[in-house]
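**Q** Structure below; questions to follow.
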Amino acid sequence: MLNKNSVIGVIGSGAMGSGIAQVAATAGHSVFVYDNNESSLDKAESNLKTSLQKLVEKQKITVDQQNDILKNIQFVKGLNQLSDCDLVIEAIVENLEIKKKLFHEIEKILKPGSVLASNTSSLSITSIAAACEKPQNVIGIHFFNPATLMPLVEIIPGVATDPQITDACKSLIDSWKKITVIVKDTPGFIVNRVARPFYSEALRIYEEGIADMATIDWAMKEIGGFKMGPFELMDLIGHDVNYVVTETVWKQFYYDPKFKPALSQKRLLEGGFLGRKTGRGFYNYAPETKLPEPLKDATLGNIIFKRILVMLINEAADTLYLRVASRDDIDMAMTKGVNYPKGLLKWCDEIGVDSVIKDLNGLRDFYEEDRYRISPMLKQSFILKRKFY
Ligand SMILES: NC(=O)c1ccc[n+]([C@@H]2O[C@H](COP(=O)([O-])OP(=O)(O)OC[C@H]3O[C@@H](n4cnc5c(N)ncnc54)[C@H](O)[C@@H]3O)[C@@H](O)[C@H]2O)c1
């Protein structure tokens with residue numbers, strides 16, 4: 001169905017589309033990239049040349065490989081030029097109506113049996129597929145940013161997706177040297193769902209004045225072993241992206257308080273303080289401004305770290321409980337998609353489910369909020385004295 005000779009189409013030549021095209025061309029495929037904005041297409045072409053040249057200079061690829069990759073990619077100005085593609089991956093603006101319109105249009109251009117995939121971060125694959133005559137050929141293939149470097153790819157069959165298409169896409173993306181996980185079509189898939197408490201619990205601790213952002217970031221890095229703290233990571237991702245993902249996930253879960261966004265982050269977005277890209281987010285990155293120093297209090301740091309960690313574990317356990325993905329795929333997704341130091345279910349085994357439940361009970365009793373309800377998966381593990389591994 002799909003193999004090393006398959007012709008790949010990419011629609012949208014922004015941050016994600018250009019990376020996905022490079023990955024597919026590096027794997028030896030003939031790739032056609034289309035964007036409805038010519039300047040975006042030109043920029044993608046010149047960025048590709050620059051990034052390949054850098055890889056040659058760093059001796060990561062040879063000049064022959066550079067030439068092959070460039071030969072494999074064609075930047076095209078008409079959607080019709082994608083007609084020979086066996087798989088088209090869409091990476092355009094995150095808007096359901098625009099994506100549906102495009103899927104409806106592109107299906108008519110492609111050969112029967114071609115696969116249509118969306119790289120959406122937060123929209124329902126099933127609703128995108130509903131715009132097509134053959135929703136069985138539509139699937140989610142979700143790369144992480146930057147697609148050339150991040151190993152994880154979430155494969156998301158919609159309600160109508162043919163299981164053979166799911167298998168074929170998984171094998172193909174595996175052959176591109178990526179790590180694939182299979183996820184049920186649910187809001188945020190694995191990573192953008194399970195990671196929510198990393199931000200939201202940190203924001204809650206900050207809003208309550210339990211600690212300042214520099215101390216929370218320090219605790220998660222120094223004590224937790226995370227590569228970045230929540231506030232510096234939100235500033236890096238940009239509040240226009242990070243806040244919107246949180247809000248979308250929350251709305252799609254029928255306003256479940258577990259996923260409720262934080263006002264402090266919304267205000268930054270409203271004020272245009274989007275993070276590093278605008279020079280100011282939670283932190284001020286102006287050259288003359290000194291970044292705040294953390295408190296480096298080990299007792300406080302441990303309280304912060306453990307509170308955020310148990311909330312992450314709770315969400316990972318619930319994701320497993322609701323059969324969104326397998327145990328191994330949930331842990332793999334968090335380590336390979338967002339560089340967590342350990343899989344969260346493995347982490348739960350290490351610290352003990354009794355300790356996780358005790359902390360969550362403490363939060364729930366104190367706040368009396370549904371946000372802190374304990375996943376039945378954790379309760380089951382506790383009652384049955386069962387570990388995840
Ligand atoms: N940026 C990320 O971190 C990230 C990570 C994973 C997934 N995603 C998802 O990938 C998709 C693309 O995100 P991005 O960050 O690359 O966006 P981007 O803004 O960098 O690029 C989008 C491109 O799509 C083009 N475009 C818009 N509408 C189009 C249309 N109708 N037809 C053809 N081209 C069109 C734009 O001209 C632009 O070049 C979104 O669905 C997003 O949710 C983004």
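How things are named: the first chain in the structure tokens is A, the next is B, and so on; residues count from 1 in each chain; ligands count from 1 in the order shown.
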Please give me, as JSON, numbers by chain, the residues lying within 7 Å of ligand 1 when counting only C-alpha atoms and all ligand atoms.

**A** {"A": [11, 12, 13, 14, 15, 16, 17, 34, 35, 36, 37, 40, 41, 91, 92, 93, 94, 98, 99, 102, 119, 120, 121, 122, 142, 143, 144, 145]}

**Q** Considering only C-alpha atoms, return as a list in words whatever protein or nucleic-acid residues lie within 9 Å of Tyr321 of chain A, sequence-local ones (same chain, fewer than 6 positions apart) excluded.

**A**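 That gives Ser375, Pro376, Met377 and Leu378 of chain A.
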
**Q** Would you save the residues of that selection, restricted to C-alpha atoms, as a short mmCIF file (atom, residue, chain, number, x, y, z; two decimals), in the first residue's frame?

**A**
data_model
loop_
_atom_site.label_atom_id
_atom_site.label_comp_id
_atom_site.auth_asym_id
_atom_site.auth_seq_id
_atom_site.Cartn_x
_atom_site.Cartn_y
_atom_site.Cartn_z
CA SER A 375 -7.91 8.35 38.13
CA PRO A 376 -9.69 5.01 38.68
CA MET A 377 -6.58 3.44 37.17
CA LEU A 378 -4.48 4.57 40.13
#

**Q** Taking the DSSP secondary structure from the backbone, can you list the residues of segment 175-257 of chain A that are strand (DSSP E), as a list in words?

**A**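 Put together, the selection reads Ile179, Thr180, Val181 and Ile182 of chain A.
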
**Q** As a list in words, please: the residues near Leu152 of chain A (cut-off 7 Å, only C-alpha atoms, same-chain neighbours under 4 positions excluded).

**A**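 Those residues are Phe143, Phe144, Lys178, Ile179, Thr180, Ala333, Lys336 and Gly337 of chain A.
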
**Q** Rounded to one decimal place, report the atom CA of Ala286 of chain A-atom CA of Gly209 of chain A distance in Å.

**A** 24.7 Å

**Q** Just give me the gap between atom CA of Ala316 of chain A and atom CA of Lys184 of chain A in Å, one decimal is fine.

**A**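 So the answer is 14.0 Å.
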
**Q** I want to know what sits within 12 Å of Glu45 of chain A, based on only C-alpha atoms, with residues of the same chain fewer than 4 positions away left out; could you give that as a VMD selection string?

**A** chain A and resid 13 to 15 17 to 19 21 to 22 32 to 35 38 to 41 49 to 52 69 to 71 73 to 76
